[in-house]
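What follows is one structure encoded as structure tokens, with my remarks underneath.
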Amino acid sequence: MSGDNQIRIGLITCKNIVRKLSRAINLSLNATISAIATTSSIEEAKSFTKSNNFPPNTKIHSSYESLLEDPDVDAVYFPIPTRLHLEWAVRAARKGKHILLDKPVALNVSEFDQIVEACAVNGVQFMDGTQWMHNPRTYKIKEFVNDLESFGLTKTVHSCFSFAANEDFLKHDIRVKPGLDGLGALGDAGWYTIQAILLANDFKLPKTVAALPGFVLNDAGIVLACGALFNWEEGISGTIYCSFLANLTMEITAIGTKGTLRVHDFVIPYRETEAAFTTSARGCVSEHKVMTELPQEACMVIEFARLVGEIKYRGAKPDGFWLSISRKTQLLVDAVKESIDNNLEPVFLSGR
């Protein structure tokens, strides 16, 4: 794709969190970095753009507002604290900027619905920054669990994402600060696990959600670890576990009437150029390897830029697929949090 047709992405903040995404944009032929906004010094921002191989003509803005006014920015990536998502995503949508927003997408689904409305009114594409969903392996996983001959009907699915955070993280990271991100491990690691169990159930919402005993909160009431049970109409069940306090684990196990799926590194593959999963069906265990030319974050950027390009160059309407998955995930995060806050009482999702 020529440079004239690339989607021009602006980055909010020049913190370390954008390094991975900036590399992904550089690897994506249909996207380019056009601007960055900084709340630090311009000189520091210039150094950051140079060390991360930003295009030499990247504009540096001294405020978020200035970047949103930039006519040479088509879309904005927001790696900012969750508590700021509502304000800045709505502002971006009103300026006609397409939105790539880090997860969790909001503090609750009510806030997210305001973002959804702003995107709809202004014809803006939305996608959350859950990278593993765009890995070519994920499409193969979905094919298997939807295969009635090899996998059958889903009976149960279990997903876990945990890592043992150090003392500095547990005291100072934004994910454990109520003034910055009130959802803790549930909104961070739990987001991945909830999307995993949704994927195994063709993104159908469960009937009930209940947090499990043994959840851990810090002194500010932020979730550091928790588990939850999900039940669907057809007798299907699922569980998640997410934690900042346990050994690194990134697992999915899905069991159907005819087959089983196991993934051991679903969030971030152990190898950038290949991703594996195991299936068992009809008494046969198979190891599958999916080769990947690009890292999963670049796959995400390419898909986002493709959708934005459909709107910009072909007059298409925003695609609602990724937005709908974000909303369902947020709804289940909210339900787990509600159950924790109400002595593990189950939450019924009918009509939500």
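Chains: A, B, ... in order of the structure tokens. Residues: from 1 per chain. Ligands: from 1, in order shown.
Using only C-alpha atoms, the residues found no farther than 8 Å from segment 123-130 of chain A, other than those of its own chain fewer than 3 positions away, are A:Ala93, A:Gly96, A:Lys97, A:His98, A:Ile99, A:Leu100, A:Leu101, A:Asp102, A:Lys103, A:Val105, A:Cys119, A:Ala120, A:Met133, A:His134, A:Tyr192, A:Met300, A:Phe304, A:Leu307, A:Val308, A:Lys317, A:Pro318, A:Asp319, A:Gly320, A:Trp322, A:Leu323, A:Ser326.
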Please dump the current selection as a short mmCIF file (atom, residue, chain, number, x, y, z; two decimals), in the first residue's frame; keep N, CA, C and O atoms.
```cif
data_model
loop_
_atom_site.label_atom_id
_atom_site.label_comp_id
_atom_site.auth_asym_id
_atom_site.auth_seq_id
_atom_site.Cartn_x
_atom_site.Cartn_y
_atom_site.Cartn_z
N ALA A 93 -13.89 10.60 19.32
CA ALA A 93 -14.99 10.29 18.41
C ALA A 93 -15.64 11.56 17.88
O ALA A 93 -15.97 11.65 16.69
N GLY A 96 -13.98 12.90 15.04
CA GLY A 96 -13.94 12.02 13.89
C GLY A 96 -12.72 11.12 13.83
O GLY A 96 -12.41 10.56 12.77
N LYS A 97 -12.07 10.92 14.97
CA LYS A 97 -10.89 10.06 15.01
C LYS A 97 -11.31 8.63 15.37
O LYS A 97 -12.03 8.41 16.35
N HIS A 98 -10.83 7.68 14.60
CA HIS A 98 -11.10 6.28 14.90
C HIS A 98 -10.28 5.86 16.11
O HIS A 98 -9.21 6.43 16.38
N ILE A 99 -10.78 4.87 16.85
CA ILE A 99 -10.27 4.63 18.20
C ILE A 99 -9.76 3.20 18.37
O ILE A 99 -10.49 2.23 18.16
N LEU A 100 -8.49 3.09 18.79
CA LEU A 100 -7.89 1.83 19.25
C LEU A 100 -7.61 2.03 20.73
O LEU A 100 -6.73 2.81 21.11
N LEU A 101 -8.38 1.36 21.57
CA LEU A 101 -8.39 1.65 23.01
C LEU A 101 -7.91 0.45 23.81
O LEU A 101 -8.40 -0.67 23.61
N ASP A 102 -6.96 0.68 24.71
CA ASP A 102 -6.48 -0.41 25.55
C ASP A 102 -7.60 -0.96 26.42
O ASP A 102 -8.54 -0.25 26.79
N LYS A 103 -7.47 -2.24 26.78
CA LYS A 103 -8.45 -2.84 27.67
C LYS A 103 -8.00 -2.62 29.13
O LYS A 103 -6.81 -2.37 29.37
N VAL A 105 -11.95 -1.55 28.44
CA VAL A 105 -12.36 -0.39 27.66
C VAL A 105 -12.96 0.71 28.51
O VAL A 105 -12.98 1.88 28.11
N CYS A 119 -19.17 6.88 19.12
CA CYS A 119 -18.63 6.29 17.89
C CYS A 119 -19.71 6.16 16.83
O CYS A 119 -19.48 6.46 15.65
N ALA A 120 -20.91 5.75 17.23
CA ALA A 120 -22.01 5.56 16.28
C ALA A 120 -22.44 6.89 15.67
O ALA A 120 -22.63 7.00 14.44
N MET A 133 -6.39 -11.85 20.15
CA MET A 133 -7.56 -12.14 19.32
C MET A 133 -7.25 -12.05 17.84
O MET A 133 -8.01 -12.56 17.00
N HIS A 134 -6.14 -11.40 17.49
CA HIS A 134 -5.78 -11.20 16.08
C HIS A 134 -4.66 -12.13 15.62
O HIS A 134 -4.23 -12.06 14.47
N TYR A 192 -8.60 -10.99 29.32
CA TYR A 192 -8.18 -12.02 28.37
C TYR A 192 -8.94 -13.32 28.60
O TYR A 192 -9.38 -13.98 27.65
N MET A 300 -3.14 -7.06 14.63
CA MET A 300 -4.21 -6.21 15.15
C MET A 300 -4.24 -4.86 14.45
O MET A 300 -5.29 -4.38 14.01
N PHE A 304 -7.23 -3.27 12.15
CA PHE A 304 -7.81 -1.97 12.52
C PHE A 304 -7.68 -0.99 11.36
O PHE A 304 -8.67 -0.33 10.98
N LEU A 307 -10.11 -1.73 8.51
CA LEU A 307 -11.48 -1.29 8.78
C LEU A 307 -11.61 0.23 8.64
O LEU A 307 -12.59 0.72 8.09
N VAL A 308 -10.62 0.95 9.15
CA VAL A 308 -10.64 2.41 9.02
C VAL A 308 -10.54 2.80 7.54
O VAL A 308 -11.21 3.73 7.08
N LYS A 317 -19.57 1.82 6.43
CA LYS A 317 -19.94 2.13 7.81
C LYS A 317 -19.00 1.40 8.76
O LYS A 317 -18.42 0.37 8.40
N PRO A 318 -18.81 1.90 9.97
CA PRO A 318 -17.95 1.20 10.95
C PRO A 318 -18.43 -0.23 11.16
O PRO A 318 -19.63 -0.50 11.21
N ASP A 319 -17.47 -1.14 11.27
CA ASP A 319 -17.76 -2.54 11.53
C ASP A 319 -17.98 -2.72 13.03
O ASP A 319 -17.16 -2.28 13.84
N GLY A 320 -19.09 -3.36 13.40
CA GLY A 320 -19.44 -3.48 14.81
C GLY A 320 -18.98 -4.74 15.50
O GLY A 320 -19.24 -4.93 16.70
N TRP A 322 -15.93 -6.05 16.46
CA TRP A 322 -15.01 -5.95 17.59
C TRP A 322 -15.62 -5.16 18.74
O TRP A 322 -15.40 -5.48 19.91
N LEU A 323 -16.41 -4.17 18.41
CA LEU A 323 -17.09 -3.40 19.46
C LEU A 323 -18.03 -4.28 20.26
O LEU A 323 -18.10 -4.18 21.49
N SER A 326 -16.09 -6.36 22.68
CA SER A 326 -15.63 -5.52 23.81
C SER A 326 -16.76 -5.31 24.81
O SER A 326 -16.55 -5.39 26.02
#
```
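Non-sequential neighbours of Thr13 of chain A (distance at most 7 Å, separation of 3 or more positions within a chain, only C-alpha atoms) are A:Ile36, A:Ala37, A:Thr38.
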Residues just named, written with C-alpha atoms as an mmCIF file, in the first residue's frame:
```cif
data_model
loop_
_atom_site.group_PDB
_atom_site.id
_atom_site.type_symbol
_atom_site.label_atom_id
_atom_site.label_comp_id
_atom_site.auth_asym_id
_atom_site.auth_seq_id
_atom_site.Cartn_x
_atom_site.Cartn_y
_atom_site.Cartn_z
ATOM 1 C CA ILE A 36 2.376 11.650 19.218
ATOM 2 C CA ALA A 37 1.114 13.631 22.197
ATOM 3 C CA THR A 38 3.258 14.101 25.263
#
```
Quiz prompt | Sel. of strand (DSSP E or B) residues, segment 182-228 of chain A, as a ChimeraX atom specification | solution = /A:208-211,216-217,223-228
List as JSON lines every residue of segment 65-162 of chain A that is in contact with segment 250-272 of chain A, defined as an atom at most 12 Å from one of its atoms (using only C-alpha atoms), together with the nearest atom pair and the distance in Å rounded to one decimal, sorted by chain and then rising number.
```
{"residue": "A:Thr130", "atom": "CA", "partner": "A:Val267", "partner_atom": "CA", "distance": 8.8}
{"residue": "A:Gln131", "atom": "CA", "partner": "A:Val267", "partner_atom": "CA", "distance": 7.8}
{"residue": "A:Trp132", "atom": "CA", "partner": "A:Val267", "partner_atom": "CA", "distance": 5.5}
{"residue": "A:Met133", "atom": "CA", "partner": "A:Val267", "partner_atom": "CA", "distance": 8.7}
{"residue": "A:His134", "atom": "CA", "partner": "A:Val267", "partner_atom": "CA", "distance": 10.8}
{"residue": "A:Asn135", "atom": "CA", "partner": "A:Pro269", "partner_atom": "CA", "distance": 9.2}
{"residue": "A:Pro136", "atom": "CA", "partner": "A:Pro269", "partner_atom": "CA", "distance": 11.3}
{"residue": "A:Arg137", "atom": "CA", "partner": "A:Phe266", "partner_atom": "CA", "distance": 8.9}
{"residue": "A:Thr138", "atom": "CA", "partner": "A:Phe266", "partner_atom": "CA", "distance": 8.3}
{"residue": "A:Lys140", "atom": "CA", "partner": "A:Leu261", "partner_atom": "CA", "distance": 11.0}
{"residue": "A:Ile141", "atom": "CA", "partner": "A:Leu261", "partner_atom": "CA", "distance": 7.9}
{"residue": "A:Lys142", "atom": "CA", "partner": "A:Leu261", "partner_atom": "CA", "distance": 10.2}
{"residue": "A:Glu143", "atom": "CA", "partner": "A:Leu261", "partner_atom": "CA", "distance": 11.2}
{"residue": "A:Phe144", "atom": "CA", "partner": "A:Leu261", "partner_atom": "CA", "distance": 8.0}
{"residue": "A:Val145", "atom": "CA", "partner": "A:Leu261", "partner_atom": "CA", "distance": 7.6}
{"residue": "A:Asn146", "atom": "CA", "partner": "A:Gly256", "partner_atom": "CA", "distance": 9.8}
{"residue": "A:Asp147", "atom": "CA", "partner": "A:Gly259", "partner_atom": "CA", "distance": 9.5}
{"residue": "A:Leu148", "atom": "CA", "partner": "A:Lys258", "partner_atom": "CA", "distance": 8.1}
{"residue": "A:Glu149", "atom": "CA", "partner": "A:Lys258", "partner_atom": "CA", "distance": 7.4}
{"residue": "A:Ser150", "atom": "CA", "partner": "A:Gly259", "partner_atom": "CA", "distance": 5.9}
{"residue": "A:Phe151", "atom": "CA", "partner": "A:Gly259", "partner_atom": "CA", "distance": 4.1}
{"residue": "A:Gly152", "atom": "CA", "partner": "A:Lys258", "partner_atom": "CA", "distance": 4.9}
{"residue": "A:Leu153", "atom": "CA", "partner": "A:Gly256", "partner_atom": "CA", "distance": 5.1}
{"residue": "A:Thr154", "atom": "CA", "partner": "A:Gly256", "partner_atom": "CA", "distance": 4.2}
{"residue": "A:Lys155", "atom": "CA", "partner": "A:Gly256", "partner_atom": "CA", "distance": 5.1}
{"residue": "A:Thr156", "atom": "CA", "partner": "A:Ile255", "partner_atom": "CA", "distance": 5.4}
{"residue": "A:Val157", "atom": "CA", "partner": "A:Ala254", "partner_atom": "CA", "distance": 4.2}
{"residue": "A:His158", "atom": "CA", "partner": "A:Thr253", "partner_atom": "CA", "distance": 5.2}
{"residue": "A:Ser159", "atom": "CA", "partner": "A:Ile252", "partner_atom": "CA", "distance": 4.5}
{"residue": "A:Cys160", "atom": "CA", "partner": "A:Glu251", "partner_atom": "CA", "distance": 5.1}
{"residue": "A:Phe161", "atom": "CA", "partner": "A:Met250", "partner_atom": "CA", "distance": 4.6}
{"residue": "A:Ser162", "atom": "CA", "partner": "A:Met250", "partner_atom": "CA", "distance": 6.8}
```
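Straight-line separation from atom CA of Ile60 of chain A to atom CA of Phe78 of chain A: 15.6 Å.
Using only C-alpha atoms for every distance, the candidate list A:Pro178, A:Gly235, A:Gly309, A:Pro79 yields A:Pro178 as the residue closest to Asp219 of chain A.
Proximity to Val76 of chain A was assessed for A:Lys177, A:Lys312, A:Arg8, A:Lys50 counting only C-alpha atoms; the smallest distance is recorded for A:Arg8.
The space between atom CA of Gln330 of chain A and atom CA of Ala92 of chain A spans 20.4 Å.
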Self-check item: Selection near Ser66 of chain A, 12 Å with only C-alpha atoms, sequence-local residues under 2 positions removed, as number ranges by chain
Solution: A: 10-12, 35-39, 59-64, 68-73, 91-92, 95
Quiz item: How many Å separate atom CA of Val223 of chain A from atom CA of Pro206 of chain A?
Solution: 22.2 Å
Quiz item: Between A:Gly227, A:Pro346, A:Pro81, A:Gly238, which one has atoms that come closest to Ile174 of chain A, using only C-alpha atoms?
Solution: A:Pro81
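In this comparison, which uses only C-alpha atoms, the residue of A:Ser350, A:Gln6, A:Gln114, A:Thr32 approaching Ala335 of chain A most closely is A:Ser350.
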Self-check item: Within 12 Å of Phe54 of chain A using only C-alpha atoms, minus same-chain residues under 4 positions, as a ChimeraX atom specification
Solution: /A:9-11,14,18-19,21-27,32-36,45-50,58-60
Take the selection from the previous step and output its residues with N, CA, C and O atoms, as a JSON list (two decimals), in the first residue's frame.
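File again-v1.json, as written:
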```json
[["chain", "number", "residue", "atom", "x", "y", "z"],
["A", 9, "ILE", "N", -1.92, 7.13, 12.23],
["A", 9, "ILE", "CA", -2.27, 6.88, 13.63],
["A", 9, "ILE", "C", -1.51, 7.83, 14.55],
["A", 9, "ILE", "O", -0.29, 8.00, 14.43],
["A", 10, "GLY", "N", -2.23, 8.44, 15.47],
["A", 10, "GLY", "CA", -1.64, 9.27, 16.51],
["A", 10, "GLY", "C", -1.58, 8.49, 17.81],
["A", 10, "GLY", "O", -2.51, 7.74, 18.14],
["A", 11, "LEU", "N", -0.50, 8.64, 18.54],
["A", 11, "LEU", "CA", -0.31, 7.93, 19.80],
["A", 11, "LEU", "C", -0.44, 8.90, 20.96],
["A", 11, "LEU", "O", 0.21, 9.96, 20.98],
["A", 14, "CYS", "N", 3.99, 9.19, 25.33],
["A", 14, "CYS", "CA", 5.25, 8.59, 24.84],
["A", 14, "CYS", "C", 5.89, 7.76, 25.96],
["A", 14, "CYS", "O", 7.11, 7.71, 26.09],
["A", 18, "VAL", "N", 3.87, 2.37, 24.77],
["A", 18, "VAL", "CA", 3.59, 2.50, 23.34],
["A", 18, "VAL", "C", 4.70, 1.91, 22.46],
["A", 18, "VAL", "O", 4.55, 1.84, 21.24],
["A", 19, "ARG", "N", 5.81, 1.48, 23.06],
["A", 19, "ARG", "CA", 6.91, 0.96, 22.26],
["A", 19, "ARG", "C", 6.48, -0.25, 21.42],
["A", 19, "ARG", "O", 6.78, -0.34, 20.23],
["A", 21, "LEU", "N", 3.46, -1.16, 20.49],
["A", 21, "LEU", "CA", 2.49, -0.82, 19.48],
["A", 21, "LEU", "C", 3.12, -0.01, 18.35],
["A", 21, "LEU", "O", 2.77, -0.19, 17.18],
["A", 22, "SER", "N", 4.07, 0.85, 18.69],
["A", 22, "SER", "CA", 4.71, 1.64, 17.63],
["A", 22, "SER", "C", 5.49, 0.72, 16.68],
["A", 22, "SER", "O", 5.48, 0.94, 15.46],
["A", 23, "ARG", "N", 6.13, -0.30, 17.23],
["A", 23, "ARG", "CA", 6.81, -1.29, 16.37],
["A", 23, "ARG", "C", 5.79, -1.99, 15.48],
["A", 23, "ARG", "O", 6.04, -2.23, 14.29],
["A", 24, "ALA", "N", 4.65, -2.33, 16.04],
["A", 24, "ALA", "CA", 3.60, -3.01, 15.27],
["A", 24, "ALA", "C", 3.12, -2.13, 14.11],
["A", 24, "ALA", "O", 2.89, -2.63, 13.00],
["A", 25, "ILE", "N", 2.95, -0.84, 14.37],
["A", 25, "ILE", "CA", 2.52, 0.06, 13.29],
["A", 25, "ILE", "C", 3.59, 0.13, 12.21],
["A", 25, "ILE", "O", 3.29, 0.11, 11.01],
["A", 26, "ASN", "N", 4.85, 0.18, 12.62],
["A", 26, "ASN", "CA", 5.94, 0.23, 11.65],
["A", 26, "ASN", "C", 5.99, -1.03, 10.78],
["A", 26, "ASN", "O", 6.46, -0.99, 9.64],
["A", 27, "LEU", "N", 5.51, -2.15, 11.31],
["A", 27, "LEU", "CA", 5.50, -3.41, 10.56],
["A", 27, "LEU", "C", 4.26, -3.55, 9.67],
["A", 27, "LEU", "O", 4.18, -4.49, 8.87],
["A", 32, "THR", "N", 0.65, 4.03, 9.47],
["A", 32, "THR", "CA", 1.88, 4.75, 9.80],
["A", 32, "THR", "C", 1.64, 5.62, 11.02],
["A", 32, "THR", "O", 0.49, 6.00, 11.31],
["A", 33, "ILE", "N", 2.69, 5.90, 11.74],
["A", 33, "ILE", "CA", 2.60, 6.84, 12.87],
["A", 33, "ILE", "C", 2.72, 8.25, 12.32],
["A", 33, "ILE", "O", 3.69, 8.59, 11.64],
["A", 34, "SER", "N", 1.72, 9.06, 12.62],
["A", 34, "SER", "CA", 1.74, 10.44, 12.11],
["A", 34, "SER", "C", 1.97, 11.48, 13.20],
["A", 34, "SER", "O", 2.43, 12.59, 12.92],
["A", 35, "ALA", "N", 1.66, 11.12, 14.44],
["A", 35, "ALA", "CA", 1.78, 12.11, 15.52],
["A", 35, "ALA", "C", 1.83, 11.41, 16.87],
["A", 35, "ALA", "O", 1.41, 10.26, 17.01],
["A", 36, "ILE", "N", 2.36, 12.13, 17.83],
["A", 36, "ILE", "CA", 2.38, 11.65, 19.22],
["A", 36, "ILE", "C", 2.10, 12.83, 20.13],
["A", 36, "ILE", "O", 2.51, 13.96, 19.84],
["A", 45, "ALA", "N", 10.28, 13.85, 24.06],
["A", 45, "ALA", "CA", 9.45, 13.20, 23.05],
["A", 45, "ALA", "C", 10.24, 12.98, 21.76],
["A", 45, "ALA", "O", 10.11, 11.94, 21.11],
["A", 46, "LYS", "N", 11.06, 13.95, 21.36],
["A", 46, "LYS", "CA", 11.88, 13.80, 20.16],
["A", 46, "LYS", "C", 12.84, 12.62, 20.31],
["A", 46, "LYS", "O", 13.03, 11.84, 19.38],
["A", 47, "SER", "N", 13.43, 12.50, 21.49],
["A", 47, "SER", "CA", 14.33, 11.39, 21.76],
["A", 47, "SER", "C", 13.59, 10.07, 21.69],
["A", 47, "SER", "O", 14.10, 9.07, 21.14],
["A", 48, "PHE", "N", 12.38, 10.04, 22.22],
["A", 48, "PHE", "CA", 11.57, 8.82, 22.22],
["A", 48, "PHE", "C", 11.22, 8.41, 20.79],
["A", 48, "PHE", "O", 11.33, 7.23, 20.42],
["A", 49, "THR", "N", 10.80, 9.35, 19.97],
["A", 49, "THR", "CA", 10.41, 9.02, 18.60],
["A", 49, "THR", "C", 11.61, 8.51, 17.80],
["A", 49, "THR", "O", 11.47, 7.59, 16.98],
["A", 50, "LYS", "N", 12.78, 9.10, 18.04],
["A", 50, "LYS", "CA", 13.97, 8.67, 17.32],
["A", 50, "LYS", "C", 14.40, 7.27, 17.74],
["A", 50, "LYS", "O", 14.72, 6.42, 16.89],
["A", 58, "THR", "N", 7.06, 12.66, 11.97],
["A", 58, "THR", "CA", 6.07, 12.53, 13.04],
["A", 58, "THR", "C", 5.90, 13.86, 13.79],
["A", 58, "THR", "O", 6.88, 14.44, 14.26],
["A", 59, "LYS", "N", 4.66, 14.30, 13.89],
["A", 59, "LYS", "CA", 4.39, 15.53, 14.64],
["A", 59, "LYS", "C", 4.40, 15.25, 16.14],
["A", 59, "LYS", "O", 3.95, 14.18, 16.57],
["A", 60, "ILE", "N", 4.88, 16.19, 16.90],
["A", 60, "ILE", "CA", 4.87, 16.07, 18.36],
["A", 60, "ILE", "C", 3.95, 17.14, 18.93],
["A", 60, "ILE", "O", 4.17, 18.34, 18.72]]
```
